[in-house]
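J.: For reference, this is work.txt, and it has compact mmCIF, C-alpha atoms and all ligand atoms.
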```txt
# COMPACT_ATOMS: atom_id res chain seq x y z
CA MET A 1 -87.21 -19.28 -113.93
CA THR A 2 -90.60 -18.56 -112.48
CA ALA A 3 -92.18 -20.80 -109.86
CA GLY A 4 -94.64 -23.28 -111.31
CA HIS A 5 -93.17 -23.21 -114.81
CA PRO A 6 -93.80 -26.61 -116.49
CA LEU A 7 -90.65 -28.47 -117.54
CA ASN A 8 -90.26 -29.97 -121.01
CA PHE A 9 -89.45 -33.70 -120.82
CA ALA A 10 -89.25 -34.03 -124.62
CA HIS A 11 -85.50 -33.47 -124.20
CA PHE A 12 -85.25 -36.99 -122.71
CA SER A 13 -85.35 -40.11 -124.86
CA PHE A 14 -87.57 -43.02 -123.83
CA LYS A 15 -84.44 -44.86 -122.64
CA GLN A 16 -83.42 -41.88 -120.50
CA LEU A 17 -86.86 -41.69 -118.90
CA MET A 18 -86.45 -45.39 -118.04
CA GLU A 19 -82.99 -44.65 -116.62
CA LEU A 20 -84.51 -42.11 -114.23
CA ASP A 21 -86.44 -45.01 -112.73
CA ALA A 22 -83.54 -47.48 -112.96
CA CYS A 23 -81.29 -45.78 -110.39
CA THR A 24 -81.09 -48.02 -107.32
CA ARG A 25 -79.65 -45.26 -105.08
CA CYS A 26 -76.63 -47.46 -104.37
CA GLY A 27 -74.39 -44.38 -104.12
CA GLU A 28 -71.39 -45.90 -105.94
CA CYS A 29 -71.24 -42.90 -108.30
CA ILE A 30 -70.85 -40.49 -105.39
CA ILE A 31 -67.46 -41.88 -104.37
CA TRP A 32 -66.13 -41.44 -107.93
CA CYS A 33 -67.54 -37.99 -108.72
CA PRO A 34 -64.60 -35.53 -108.84
CA THR A 35 -66.60 -32.36 -108.32
CA TYR A 36 -68.72 -33.74 -105.48
CA THR A 37 -65.50 -34.94 -103.81
CA GLU A 38 -64.24 -31.35 -103.74
CA LYS A 39 -67.41 -29.36 -103.15
CA LYS A 40 -69.60 -31.75 -101.14
CA ASP A 41 -72.76 -30.29 -102.68
CA GLU A 42 -75.20 -33.22 -102.92
CA HIS A 43 -76.96 -31.59 -105.88
CA ILE A 44 -73.92 -32.48 -108.03
CA THR A 45 -74.19 -36.21 -107.41
CA PRO A 46 -75.76 -38.44 -110.08
CA LEU A 47 -78.03 -39.95 -107.45
CA LYS A 48 -79.49 -36.56 -106.45
CA LYS A 49 -79.80 -35.22 -110.01
CA ILE A 50 -81.69 -38.32 -111.09
CA GLU A 51 -83.88 -38.28 -107.99
CA GLN A 52 -84.81 -34.63 -108.53
CA VAL A 53 -85.71 -34.95 -112.20
CA ARG A 54 -87.71 -38.09 -111.45
CA ARG A 55 -89.62 -36.11 -108.80
CA PHE A 56 -90.22 -33.22 -111.22
CA ALA A 57 -91.58 -35.70 -113.79
CA HIS A 58 -93.89 -37.38 -111.28
CA ARG A 59 -95.30 -34.02 -110.26
CA GLN A 60 -96.20 -33.29 -113.87
CA TYR A 61 -97.15 -36.74 -115.15
CA GLY A 62 -97.48 -39.18 -112.19
CA LEU A 63 -100.68 -40.79 -110.95
CA TRP A 64 -101.35 -37.92 -108.53
CA ALA A 65 -100.97 -35.42 -111.38
CA ARG A 66 -103.44 -37.38 -113.53
CA LEU A 67 -106.02 -37.55 -110.73
CA PHE A 68 -105.71 -34.06 -109.31
CA GLY A 69 -103.73 -32.11 -111.89
CA PRO A 70 -100.00 -31.42 -112.17
CA ARG A 71 -98.23 -29.75 -109.27
CA PRO A 72 -95.68 -27.01 -110.00
CA THR A 73 -92.01 -27.34 -109.12
CA ALA A 74 -90.77 -24.40 -107.09
CA GLY A 75 -88.20 -22.11 -108.72
CA ALA A 76 -85.82 -22.64 -105.77
CA GLU A 77 -85.74 -26.39 -106.42
CA ILE A 78 -84.96 -25.84 -110.09
CA THR A 79 -82.21 -23.38 -109.15
CA GLU A 80 -80.58 -25.95 -106.83
CA HIS A 81 -80.86 -28.63 -109.50
CA SER A 82 -79.34 -26.26 -112.07
CA ARG A 83 -76.40 -25.48 -109.77
CA GLY A 84 -75.58 -29.18 -109.36
CA THR A 85 -76.08 -29.96 -113.05
CA TYR A 86 -73.70 -27.19 -114.17
CA ASP A 87 -71.08 -28.08 -111.52
CA CYS A 88 -70.57 -31.40 -113.33
CA THR A 89 -67.55 -31.74 -115.63
CA LEU A 90 -69.40 -34.32 -117.77
CA CYS A 91 -66.40 -36.56 -117.17
CA GLY A 92 -68.54 -39.71 -117.40
CA ARG A 93 -66.80 -41.49 -114.53
CA CYS A 94 -70.19 -42.16 -112.95
CA ARG A 95 -71.23 -44.20 -116.01
CA VAL A 96 -68.22 -46.48 -115.66
CA VAL A 97 -68.99 -47.39 -112.04
CA CYS A 98 -72.82 -47.47 -112.19
CA PRO A 99 -73.87 -51.09 -111.57
CA VAL A 100 -77.08 -50.68 -113.62
CA HIS A 101 -75.20 -49.05 -116.52
CA ILE A 102 -77.02 -45.73 -116.60
CA ASP A 103 -75.54 -43.78 -119.53
CA THR A 104 -75.03 -40.69 -117.42
CA ARG A 105 -73.26 -38.19 -119.68
CA PRO A 106 -76.09 -37.97 -122.29
CA LEU A 107 -78.53 -37.86 -119.37
CA TRP A 108 -76.79 -34.78 -117.92
CA LEU A 109 -76.91 -33.17 -121.37
CA ALA A 110 -80.66 -33.78 -121.59
CA MET A 111 -81.04 -32.17 -118.14
CA ARG A 112 -79.08 -29.14 -119.33
CA GLU A 113 -81.27 -28.83 -122.45
CA GLN A 114 -84.33 -28.89 -120.18
CA LEU A 115 -82.84 -26.28 -117.86
CA VAL A 116 -81.92 -23.96 -120.74
CA GLU A 117 -85.47 -24.10 -122.05
CA ALA A 118 -86.70 -23.29 -118.53
CA GLY A 119 -84.31 -20.32 -118.36
CA ALA A 120 -82.41 -21.83 -115.39
CA PHE A 121 -78.75 -21.80 -116.48
CA PRO A 122 -75.66 -19.71 -115.65
CA GLU A 123 -75.87 -16.31 -117.35
CA ILE A 124 -72.35 -16.66 -118.80
CA PHE A 125 -73.60 -19.30 -121.25
CA ALA A 126 -75.89 -16.75 -122.90
CA GLN A 127 -72.83 -14.55 -123.42
CA VAL A 128 -70.85 -17.44 -124.92
CA ARG A 129 -73.79 -18.30 -127.21
CA ASP A 130 -73.93 -14.68 -128.42
CA ARG A 131 -70.14 -14.48 -128.89
CA ILE A 132 -70.13 -17.64 -131.01
CA ALA A 133 -73.07 -16.36 -133.07
CA ALA A 134 -71.29 -13.04 -133.69
CA GLU A 135 -67.68 -14.15 -134.23
CA HIS A 136 -67.85 -17.96 -134.67
CA ASN A 137 -65.50 -18.60 -131.74
CA ASN A 138 -66.11 -18.83 -128.01
CA LEU A 139 -63.79 -15.96 -127.08
CA GLY A 140 -65.53 -13.38 -129.23
CA GLU A 141 -62.23 -12.54 -131.01
CA PRO A 142 -62.27 -11.59 -134.69
CA ASN A 143 -62.27 -15.00 -136.39
CA SER A 144 -59.57 -13.79 -138.79
CA ASN A 145 -57.15 -14.14 -135.80
CA ARG A 146 -57.41 -17.93 -135.92
CA LEU A 147 -53.99 -18.33 -137.49
CA ALA A 148 -52.10 -16.08 -135.04
CA TRP A 149 -50.37 -19.22 -133.63
CA ALA A 150 -48.73 -19.78 -137.03
CA ASP A 151 -47.09 -16.33 -137.20
CA ASN A 152 -43.78 -17.56 -135.76
CA LEU A 153 -43.51 -20.67 -137.91
CA GLU A 154 -40.90 -20.67 -140.66
CA GLU A 155 -43.52 -21.99 -143.07
CA PRO A 156 -47.11 -21.38 -141.93
CA PRO A 157 -49.51 -24.08 -143.21
CA PRO A 158 -51.78 -23.20 -146.13
CA ALA A 159 -55.41 -22.38 -145.32
CA VAL A 160 -58.32 -23.80 -147.32
CA GLY A 161 -60.56 -21.50 -149.36
CA ALA A 162 -59.85 -19.65 -152.59
CA GLY A 163 -59.55 -22.99 -154.40
CA GLN A 164 -56.96 -24.47 -151.99
CA LEU A 165 -57.54 -28.24 -151.81
CA ALA A 166 -56.18 -30.63 -149.17
CA GLU A 167 -56.47 -34.35 -148.50
CA LEU A 168 -55.75 -33.81 -144.79
CA ILE A 169 -57.22 -30.88 -142.87
CA TYR A 170 -56.12 -29.94 -139.38
CA PHE A 171 -59.07 -28.51 -137.41
CA VAL A 172 -57.27 -26.54 -134.68
CA GLY A 173 -60.20 -25.64 -132.40
CA CYS A 174 -60.98 -22.40 -130.53
CA VAL A 175 -58.71 -22.93 -127.50
CA SER A 176 -55.52 -23.73 -129.44
CA SER A 177 -56.28 -21.06 -132.04
CA LEU A 178 -57.01 -18.21 -129.67
CA TYR A 179 -55.36 -18.81 -126.26
CA PRO A 180 -51.64 -17.93 -126.60
CA MET A 181 -50.88 -20.41 -123.78
CA ALA A 182 -51.99 -23.24 -126.10
CA TYR A 183 -50.37 -22.01 -129.34
CA SER A 184 -47.50 -24.47 -128.96
CA ILE A 185 -49.90 -27.39 -129.60
CA PRO A 186 -50.80 -26.48 -133.21
CA GLN A 187 -47.24 -25.25 -133.71
CA SER A 188 -45.92 -28.66 -132.62
CA LEU A 189 -48.32 -30.74 -134.73
CA SER A 190 -47.68 -28.55 -137.79
CA GLN A 191 -43.91 -28.96 -137.45
CA ILE A 192 -44.21 -32.73 -136.87
CA LEU A 193 -46.30 -33.14 -140.03
CA ARG A 194 -43.99 -30.92 -142.07
CA ARG A 195 -40.88 -32.85 -140.98
CA ALA A 196 -42.65 -36.17 -141.67
CA GLY A 197 -43.52 -34.93 -145.16
CA VAL A 198 -47.29 -35.15 -144.63
CA PRO A 199 -49.14 -32.47 -146.66
CA PHE A 200 -52.02 -30.78 -144.85
CA ALA A 201 -53.95 -27.53 -144.64
CA VAL A 202 -55.76 -25.63 -141.91
CA MET A 203 -59.07 -23.82 -142.22
CA GLY A 204 -58.06 -20.35 -141.00
CA ALA A 205 -61.03 -17.99 -140.86
CA GLN A 206 -63.13 -20.73 -142.49
CA GLU A 207 -62.88 -22.63 -139.20
CA TRP A 208 -65.86 -21.92 -136.96
CA CYS A 209 -66.28 -23.15 -133.39
CA CYS A 210 -67.29 -26.83 -133.62
CA GLY A 211 -70.24 -26.06 -131.34
CA PHE A 212 -69.15 -28.29 -128.46
CA PRO A 213 -69.40 -25.55 -125.78
CA LEU A 214 -73.02 -24.92 -126.83
CA ILE A 215 -73.90 -28.61 -127.05
CA ILE A 216 -72.67 -29.27 -123.52
CA ALA A 217 -74.27 -26.09 -122.19
CA GLY A 218 -77.66 -27.50 -123.25
CA MET A 219 -77.95 -25.22 -126.30
CA SER A 220 -77.42 -27.82 -129.01
CA ARG A 221 -79.77 -26.25 -131.54
CA HIS A 222 -77.37 -23.28 -131.75
CA ALA A 223 -74.63 -25.66 -132.93
CA GLU A 224 -76.48 -26.77 -136.06
CA GLU A 225 -75.43 -23.87 -138.30
CA LEU A 226 -71.81 -24.27 -137.13
CA ALA A 227 -71.87 -27.97 -138.04
CA ARG A 228 -73.25 -27.32 -141.52
CA HIS A 229 -70.72 -24.56 -142.24
CA ASN A 230 -67.71 -26.57 -141.04
CA VAL A 231 -68.63 -29.76 -142.86
CA GLU A 232 -69.33 -27.84 -146.07
CA ALA A 233 -65.92 -26.10 -145.88
CA VAL A 234 -64.09 -29.43 -145.43
CA ARG A 235 -66.05 -31.09 -148.24
CA ALA A 236 -65.31 -28.12 -150.54
CA ALA A 237 -61.57 -28.62 -149.89
CA GLY A 238 -61.87 -32.23 -151.11
CA ALA A 239 -60.51 -33.59 -147.81
CA LYS A 240 -60.36 -37.32 -147.14
CA ARG A 241 -59.36 -36.92 -143.50
CA LEU A 242 -59.74 -34.36 -140.74
CA VAL A 243 -57.38 -34.40 -137.76
CA THR A 244 -57.83 -32.51 -134.53
CA THR A 245 -55.75 -32.10 -131.38
CA CYS A 246 -58.90 -31.44 -129.31
CA PRO A 247 -60.81 -34.49 -127.98
CA SER A 248 -64.04 -32.48 -127.70
CA CYS A 249 -63.82 -31.27 -131.32
CA TYR A 250 -62.98 -34.87 -132.27
CA HIS A 251 -66.08 -36.26 -130.55
CA THR A 252 -68.27 -33.49 -131.97
CA TRP A 253 -67.06 -34.04 -135.55
CA LYS A 254 -67.05 -37.82 -135.35
CA ASP A 255 -70.24 -38.53 -133.43
CA THR A 256 -72.42 -35.41 -133.21
CA TYR A 257 -72.09 -33.90 -136.70
CA PRO A 258 -73.37 -37.00 -138.56
CA ALA A 259 -76.33 -37.04 -136.15
CA ILE A 260 -77.04 -33.32 -136.75
CA LEU A 261 -76.69 -33.68 -140.53
CA GLY A 262 -78.53 -37.00 -140.69
CA GLU A 263 -75.88 -38.40 -143.07
CA PRO A 264 -72.23 -39.56 -143.04
CA LEU A 265 -69.60 -36.82 -143.35
CA GLY A 266 -67.88 -38.40 -146.36
CA PHE A 267 -64.41 -38.11 -144.81
CA GLN A 268 -62.61 -39.70 -141.87
CA VAL A 269 -62.18 -37.94 -138.51
CA ILE A 270 -59.12 -38.81 -136.42
CA HIS A 271 -57.45 -37.47 -133.30
CA ALA A 272 -53.79 -36.41 -133.42
CA VAL A 273 -52.76 -39.33 -131.17
CA GLU A 274 -54.08 -41.75 -133.80
CA LEU A 275 -52.14 -39.94 -136.53
CA LEU A 276 -48.93 -39.90 -134.46
CA ASP A 277 -49.36 -43.59 -133.66
CA GLU A 278 -49.85 -44.32 -137.37
CA LEU A 279 -46.81 -42.23 -138.42
CA LEU A 280 -44.64 -44.02 -135.86
CA GLU A 281 -45.82 -47.42 -137.06
CA GLN A 282 -44.92 -46.40 -140.62
CA GLN A 283 -41.52 -45.21 -139.33
CA MET A 284 -42.16 -41.69 -140.60
CA LEU A 285 -41.09 -40.01 -137.34
CA THR A 286 -37.58 -40.15 -135.88
CA LEU A 287 -37.51 -39.54 -132.16
CA GLY A 288 -34.54 -38.48 -130.07
CA ARG A 289 -34.14 -39.08 -126.34
CA TYR A 290 -36.42 -37.55 -123.73
CA GLU A 291 -35.05 -38.56 -120.35
CA LYS A 292 -37.84 -37.76 -117.94
CA ARG A 293 -40.41 -39.55 -115.79
CA VAL A 294 -43.71 -39.03 -117.61
CA THR A 295 -47.30 -39.92 -116.76
CA TYR A 296 -50.33 -39.77 -119.05
CA HIS A 297 -53.62 -38.09 -118.17
CA ASP A 298 -56.56 -39.54 -120.17
CA PRO A 299 -58.77 -36.67 -121.41
CA CYS A 300 -62.41 -37.55 -120.66
CA ASP A 301 -63.63 -37.00 -124.24
CA LEU A 302 -60.78 -39.02 -125.72
CA GLY A 303 -60.89 -41.86 -123.16
CA ARG A 304 -64.32 -42.51 -121.68
CA THR A 305 -66.29 -40.75 -124.45
CA SER A 306 -64.32 -42.06 -127.45
CA GLY A 307 -62.56 -45.19 -126.14
CA ILE A 308 -59.01 -44.13 -127.17
CA TYR A 309 -56.60 -45.25 -124.45
CA GLU A 310 -53.73 -47.18 -126.00
CA ALA A 311 -52.60 -45.01 -128.95
CA PRO A 312 -51.22 -42.21 -126.73
CA ARG A 313 -49.49 -44.73 -124.44
CA ARG A 314 -47.87 -46.44 -127.45
CA VAL A 315 -46.64 -43.04 -128.68
CA LEU A 316 -45.14 -42.13 -125.29
CA ARG A 317 -43.54 -45.56 -124.80
CA SER A 318 -41.85 -45.26 -128.20
CA ILE A 319 -39.86 -42.20 -127.10
CA PRO A 320 -36.30 -43.32 -126.20
CA GLY A 321 -35.29 -42.56 -122.61
CA LEU A 322 -38.82 -41.73 -121.44
CA ALA A 323 -39.76 -43.50 -118.20
CA PHE A 324 -43.52 -44.05 -118.29
CA ARG A 325 -45.45 -44.08 -115.01
CA GLU A 326 -49.17 -44.88 -114.67
CA MET A 327 -51.12 -42.92 -112.06
CA GLU A 328 -53.44 -44.51 -109.48
CA HIS A 329 -56.51 -43.73 -111.62
CA HIS A 330 -56.09 -44.31 -115.34
CA HIS A 331 -57.88 -45.54 -118.47
CA GLU A 332 -61.64 -45.58 -117.89
CA HIS A 333 -61.27 -44.76 -114.19
CA ALA A 334 -59.03 -41.75 -114.84
CA LEU A 335 -59.71 -38.69 -112.72
CA CYS A 336 -60.92 -35.66 -114.66
CA CYS A 337 -58.62 -32.58 -114.82
CA GLY A 338 -61.58 -30.41 -113.83
CA GLY A 339 -61.60 -28.45 -117.09
CA GLY A 340 -64.57 -30.15 -118.79
CA GLY A 341 -68.31 -29.60 -118.94
CA ASP A 342 -68.02 -25.79 -119.19
CA VAL A 343 -67.46 -25.78 -115.39
CA GLU A 344 -64.67 -23.25 -115.95
CA MET A 345 -67.37 -20.74 -116.90
CA ALA A 346 -69.78 -21.68 -114.12
CA ASP A 347 -67.36 -22.28 -111.21
CA PRO A 348 -63.63 -21.64 -111.95
CA GLU A 349 -62.54 -22.27 -108.34
CA LEU A 350 -63.94 -25.81 -108.48
CA VAL A 351 -61.86 -26.50 -111.61
CA GLY A 352 -58.66 -25.63 -109.71
CA MET A 353 -59.62 -27.94 -106.84
CA VAL A 354 -60.10 -30.96 -109.13
CA ALA A 355 -56.90 -30.17 -111.07
CA ARG A 356 -54.85 -30.07 -107.85
CA ARG A 357 -56.09 -33.55 -106.93
CA ARG A 358 -55.05 -34.88 -110.36
CA LEU A 359 -51.61 -33.27 -110.04
CA ALA A 360 -51.22 -34.89 -106.61
CA GLN A 361 -51.76 -38.29 -108.29
CA ALA A 362 -49.04 -37.45 -110.82
CA GLN A 363 -46.68 -36.38 -108.03
CA ALA A 364 -47.40 -39.59 -106.11
CA VAL A 365 -45.72 -41.54 -108.94
CA GLU A 366 -42.88 -38.99 -109.02
CA ALA A 367 -43.70 -37.84 -112.55
CA GLU A 368 -41.76 -34.82 -113.76
CA VAL A 369 -44.17 -34.31 -116.65
CA ILE A 370 -47.91 -34.94 -116.92
CA VAL A 371 -48.87 -35.36 -120.56
CA SER A 372 -52.34 -35.14 -121.99
CA ALA A 373 -53.79 -35.12 -125.49
CA CYS A 374 -56.09 -32.15 -125.00
CA GLN A 375 -55.44 -28.41 -124.97
CA GLN A 376 -58.01 -27.88 -122.21
CA CYS A 377 -56.46 -30.52 -119.90
CA ARG A 378 -53.04 -29.00 -120.53
CA ARG A 379 -54.28 -25.46 -119.80
CA THR A 380 -56.08 -26.58 -116.66
CA LEU A 381 -53.24 -28.70 -115.27
CA ALA A 382 -50.51 -26.20 -116.17
CA GLY A 383 -52.54 -23.37 -114.61
CA ALA A 384 -53.04 -25.30 -111.35
CA ALA A 385 -49.37 -26.36 -111.20
CA ARG A 386 -48.27 -22.76 -111.64
CA LYS A 387 -50.71 -21.46 -109.05
CA GLU A 388 -49.59 -24.05 -106.49
CA LYS A 389 -45.90 -23.64 -107.42
CA LEU A 390 -45.61 -27.39 -108.07
CA ARG A 391 -42.48 -28.77 -109.72
CA ILE A 392 -44.27 -30.62 -112.50
CA ARG A 393 -44.72 -29.69 -116.17
CA ALA A 394 -48.03 -30.17 -117.99
CA LEU A 395 -47.62 -30.79 -121.71
CA ASP A 396 -49.63 -31.95 -124.68
CA ILE A 397 -48.51 -35.14 -126.42
CA THR A 398 -47.75 -33.19 -129.63
CA GLU A 399 -45.34 -30.97 -127.67
CA ILE A 400 -43.43 -33.88 -126.15
CA VAL A 401 -43.20 -35.69 -129.53
CA TRP A 402 -41.93 -32.53 -131.23
CA GLU A 403 -39.41 -32.00 -128.41
CA ALA A 404 -38.17 -35.59 -128.85
CA MET A 405 -37.93 -35.10 -132.64
CA GLN A 406 -35.78 -32.03 -132.10
CA ASN A 407 -33.50 -34.08 -129.81
CA GLU A 408 -32.78 -36.51 -132.62
CA GLY A 409 -29.03 -36.99 -133.04
CA LEU A 410 -28.15 -35.32 -129.74
S1 LIG B 1 -70.02 -36.84 -115.08
FE1 LIG B 1 -68.28 -36.71 -113.63
S2 LIG B 1 -68.59 -34.75 -112.55
FE2 LIG B 1 -70.52 -35.27 -113.56
S3 LIG B 1 -71.73 -36.37 -112.02
FE3 LIG B 1 -70.62 -37.93 -113.22
S4 LIG B 1 -68.71 -38.29 -112.08
FE4 LIG B 1 -69.59 -36.34 -111.32
S1 LIG B 2 -74.24 -45.67 -109.33
FE1 LIG B 2 -75.98 -45.70 -110.75
S2 LIG B 2 -77.61 -46.81 -109.64
FE2 LIG B 2 -76.05 -46.23 -108.10
S3 LIG B 2 -76.80 -44.24 -107.27
FE3 LIG B 2 -75.38 -43.78 -108.96
S4 LIG B 2 -76.68 -43.55 -110.77
FE4 LIG B 2 -77.91 -44.61 -109.21
```
Would you mind giving the structure from this file in C-alpha cells?
Ligand code: SF4
Ligand code: SF4
T.:
Amino acid sequence: MTAGHPLNFAHFSFKQLMELDACTRCGECIIWCPTYTEKKDEHITPLKKIEQVRRFAHRQYGLWARLFGPRPTAGAEITEHSRGTYDCTLCGRCRVVCPVHIDTRPLWLAMREQLVEAGAFPEIFAQVRDRIAAEHNNLGEPNSNRLAWADNLEEPPPAVGAGQLAELIYFVGCVSSLYPMAYSIPQSLSQILRRAGVPFAVMGAQEWCCGFPLIIAGMSRHAEELARHNVEAVRAAGAKRLVTTCPSCYHTWKDTYPAILGEPLGFQVIHAVELLDELLEQQMLTLGRYEKRVTYHDPCDLGRTSGIYEAPRRVLRSIPGLAFREMEHHHEHALCCGGGGDVEMADPELVGMVARRRLAQAQAVEAEVIVSACQQCRRTLAGAARKEKLRIRALDITEIVWEAMQNEGL
C-alpha cells in the first residue's frame, strides 16, 4: 500500500455508505466484541472501523475534497485499519447489539474487499488464494485426498462422477476432508445416515473449496469459478438436496452461490443439524443413553448468520440421559469460539484467547462436553482445551449423536 493511494468505495452498497454515517458512537458494540475484549486494540472495534472508513471517504469525496481536491490517506492509517479489520472474527455479535441496526458483518466484508484492492491485507491470504487456485482446497493438498477420512469406514460412501447419481449429496468441506483431527465428523454423519437407511453420495475429488475463505478474506471474485464448478457437479448428479456439516459452507451454498450465479440452485441446501432433527422427528434414529452434562456452542455462521438455533438443541435434548446446560451467552448473544473470519491465519494467538473465554463459560455451568455443529468451532475449542489442560471435551453434534446411537441397547 503506497501513501496517497485512492481507495475504491464501489465495494460498498448505497445502504452501507449510509450506515457509515448512521453510527452514533454509542460504544455498545465494544463491550460485546470478543476480539477487542482480548486484545484491547481499538482498531478492531466496530466504532473505530466505521469512523476510519467514513474519514477516508470524506477525504476523497467530502465538501473539502470537492472544493480543494481529494486528500490522500496515509499508508500507516490504512495499515492500522487493515490490522483491526482482519482481527475481527466476523462473528456478527456487534450487529445484534447495535441500537441503530447497522448490518455489520457485510460491512466488514466490504471493508476487506476495499483493503484487498488497495493491497493492504495479510500476506498469508495471497498464499491461500494461490493454494485454492492450484489444488481447489485451502490446504494445498492434492484434491484427490478428499476422501482420506473414509478409508477406515467399513463401507465408504459412493462419490459422484462417472455417471453416479444421488438424491442427497454430502458436501464435506475442506476442514473435515483434510484435517485428520476433524475426520470423525464426516465419519459420524456417514455412519448415522447408513444406519438410518438414508442413501447419499459425496463428491470426492469433484468437491472444490466452497470459496468461503476467499469471500471472507475480501477476495470474493476468486470464489466465482469455485461456485460454478460445485453447483454444476451437484446438478449433474441429479441431487435434490445438499447437506453439509460446515455452517460456513452451508451459508455460502445457500445464500452466496445463488447471488453469484444470479439464479436459484435448483436443489435444497440444509445443514446436518436440520437433517438430524428431521430424522429424529421421523423416528429414523434410535439413540442410546449418553449420561453427561453437555452445553451447546452456537457457531456464528449457523446461529447469527443463518438463524438456526433450535434444531441442534432439540437434537441434544432428545438424547436419553444427557443433561443439557445453557451457557451465560447463547443463541444470538453467543460468544464466538475465536475460529472465524480467517483470524486463525492472521493472528492465531488471538484465536486461542477467545476460545479460552468460551471454554470458561462452559466450565462455569459444569459442562463435561461442549458441543458445536461446526468443524472449525470443534477444532478451535478442542485445541484450546488441550493446550490449557482443561477437563472438558469439545465435540461436534454428529459425533455425540453417533456415540449415542452406538450406545443403543446398552
Ligand atoms: S463481528 Fe465480532 S469480532 Fe468483528 S467487530 Fe463485530 S463483534 Fe467484534
Ligand atoms: S453499537 Fe452501532 S451505533 Fe453504537 S458505536 Fe457500535 S456500530 Fe456505532
J.: Mind pulling up the distance from atom CA of Ala205 of chain A to atom CA of Trp149 of chain A?
T.: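 Spanning atom CA of Trp149 of chain A to atom CA of Ala205 of chain A is a straight-line distance of 12.9 Å.
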J.: Neighbouring residues of ligand LIG 1 (chain B) are defined here as those with any atom at most 9 Å from a ligand atom, counting all atoms listed in the file; list them as a PyMOL selection string.
T.: chain A and resi 29-37+44-47+49+84-96+104-105+108+335-336+338+340-341
J.: If we count only C-alpha atoms and set the cut-off at 12 Å, which residues sit around Glu278 of chain A, ignoring sequence neighbours fewer than 3 positions away in its own chain? Please answer as a ChimeraX atom specification.
T.: /A:196,198,270-275,281-285,311-312,314-315
J.: Mind listing the residues within 7 Å of ligand LIG 2 (chain B), all atoms listed in the file counted, as a list in words?
T.: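 Those residues are Ala22, Cys23, Thr24, Arg25, Cys26, Gly27, Glu28, Cys29, Ile30, Pro46, Leu47, Cys94, Val97, Cys98, Pro99, Val100, His101 and Ile102 of chain A.
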J.: Quick one: which segment 285-361 of chain A residues come within 12 Å of segment 207-215 of chain A, and what is the nearest atom pair for each with the distance in Å to one decimal, counting only C-alpha atoms, rows ordered by chain and ascending number, as a Markdown table?
T.:
```
| residue | atom | partner | partner_atom | distance |
| --- | --- | --- | --- | --- |
| A:Asp301 | CA | A:Phe212 | CA | 11.1 |
| A:Gly340 | CA | A:Pro213 | CA | 9.7 |
| A:Gly341 | CA | A:Pro213 | CA | 8.0 |
| A:Asp342 | CA | A:Pro213 | CA | 6.7 |
| A:Val343 | CA | A:Pro213 | CA | 10.6 |
| A:Glu344 | CA | A:Pro213 | CA | 11.1 |
| A:Met345 | CA | A:Pro213 | CA | 10.3 |
```
J.: If we count all atoms listed in the file, what is near segment 349-359 of chain A at a cut-off of 6 Å, once residues fewer than 4 positions away on the same chain are taken out, given as a PyMOL selection string?
T.: chain A and resi 337-339+381+384
J.: Please provide as a PyMOL selection string all residues within 8 Å of segment 165-171 of chain A, with the sequence filter that same-chain residues fewer than 3 positions apart are discarded (counting only C-alpha atoms).
T.: chain A and resi 160-161+199-203+207+234+236-245
J.: Output C-alpha atoms for every residue in that selection, as a PDB file, in the coordinates of the input.
T.:
```pdb
ATOM      1  CA  VAL A 160     -58.320 -23.800-147.320  1.00  0.00           C
ATOM      2  CA  GLY A 161     -60.560 -21.500-149.360  1.00  0.00           C
ATOM      3  CA  PRO A 199     -49.140 -32.470-146.660  1.00  0.00           C
ATOM      4  CA  PHE A 200     -52.020 -30.780-144.850  1.00  0.00           C
ATOM      5  CA  ALA A 201     -53.950 -27.530-144.640  1.00  0.00           C
ATOM      6  CA  VAL A 202     -55.760 -25.630-141.910  1.00  0.00           C
ATOM      7  CA  MET A 203     -59.070 -23.820-142.220  1.00  0.00           C
ATOM      8  CA  GLU A 207     -62.880 -22.630-139.200  1.00  0.00           C
ATOM      9  CA  VAL A 234     -64.090 -29.430-145.430  1.00  0.00           C
ATOM     10  CA  ALA A 236     -65.310 -28.120-150.540  1.00  0.00           C
ATOM     11  CA  ALA A 237     -61.570 -28.620-149.890  1.00  0.00           C
ATOM     12  CA  GLY A 238     -61.870 -32.230-151.110  1.00  0.00           C
ATOM     13  CA  ALA A 239     -60.510 -33.590-147.810  1.00  0.00           C
ATOM     14  CA  LYS A 240     -60.360 -37.320-147.140  1.00  0.00           C
ATOM     15  CA  ARG A 241     -59.360 -36.920-143.500  1.00  0.00           C
ATOM     16  CA  LEU A 242     -59.740 -34.360-140.740  1.00  0.00           C
ATOM     17  CA  VAL A 243     -57.380 -34.400-137.760  1.00  0.00           C
ATOM     18  CA  THR A 244     -57.830 -32.510-134.530  1.00  0.00           C
ATOM     19  CA  THR A 245     -55.750 -32.100-131.380  1.00  0.00           C
TER      20      THR A 245
END
```
J.: So how far away is atom CA of Gln376 of chain A from atom CA of Glu38 of chain A, in Å?
T.: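 Between atom CA of Glu38 of chain A and atom CA of Gln376 of chain A the gap works out to 19.8 Å.
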J.: Could you pull the residues within 6 Å of segment 175-191 of chain A, counting all atoms listed in the file, minus those fewer than 4 positions along the same chain, as JSON, numbers by chain?
T.: {"A": [146, 149, 398, 399, 402]}
J.: With a distance cut-off of 10 Å and all atoms listed in the file, select the neighbouring residues of Ala10 of chain A, excluding the residue or stretch itself and same-chain residues fewer than 3 positions from it, and output the selection as an MDAnalysis selection string.
T.: chainID A and resid 7 13:14 17 110 113:114
J.: Ranking A:Ala323, A:Leu390, A:Ile308, A:Leu147 by minimum distance to Thr295 of chain A and counting only C-alpha atoms, which one comes first?
T.: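 Closest to Thr295 of chain A of all the choices is A:Ala323.
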J.: For atom CA of Arg55 of chain A and atom CA of Ala217 of chain A, quote the distance in Å rounded to one decimal.
T.: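 Atom CA of Ala217 of chain A lies at a distance of 22.7 Å from atom CA of Arg55 of chain A.
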J.: List every protein, DNA or RNA residue that has at least one atom no more than 12 Å from (-75.0, -16.0, -124.5) in the file's coordinates, counting all atoms listed in the file, and write the result as JSON, numbers by chain.
T.: {"A": [116, 119, 121, 122, 123, 124, 125, 126, 127, 128, 129, 130, 131, 132, 133, 134, 138, 139, 140, 213, 214, 217, 218, 219, 222, 345]}
J.: Please tell me which residues are no farther than 10 Å from (-48.4, -45.6, -120.3) in the file, counting only C-alpha atoms, and write them as a list of chain:residue names.
T.: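 Protein, DNA and RNA residues close to (-48.4, -45.6, -120.3): A:Val294, A:Thr295, A:Tyr296, A:His297, A:Tyr309, A:Glu310, A:Ala311, A:Pro312, A:Arg313, A:Arg314, A:Val315, A:Leu316, A:Arg317, A:Ala323, A:Phe324, A:Arg325, A:Glu326, A:Met327, A:His330, A:His331.
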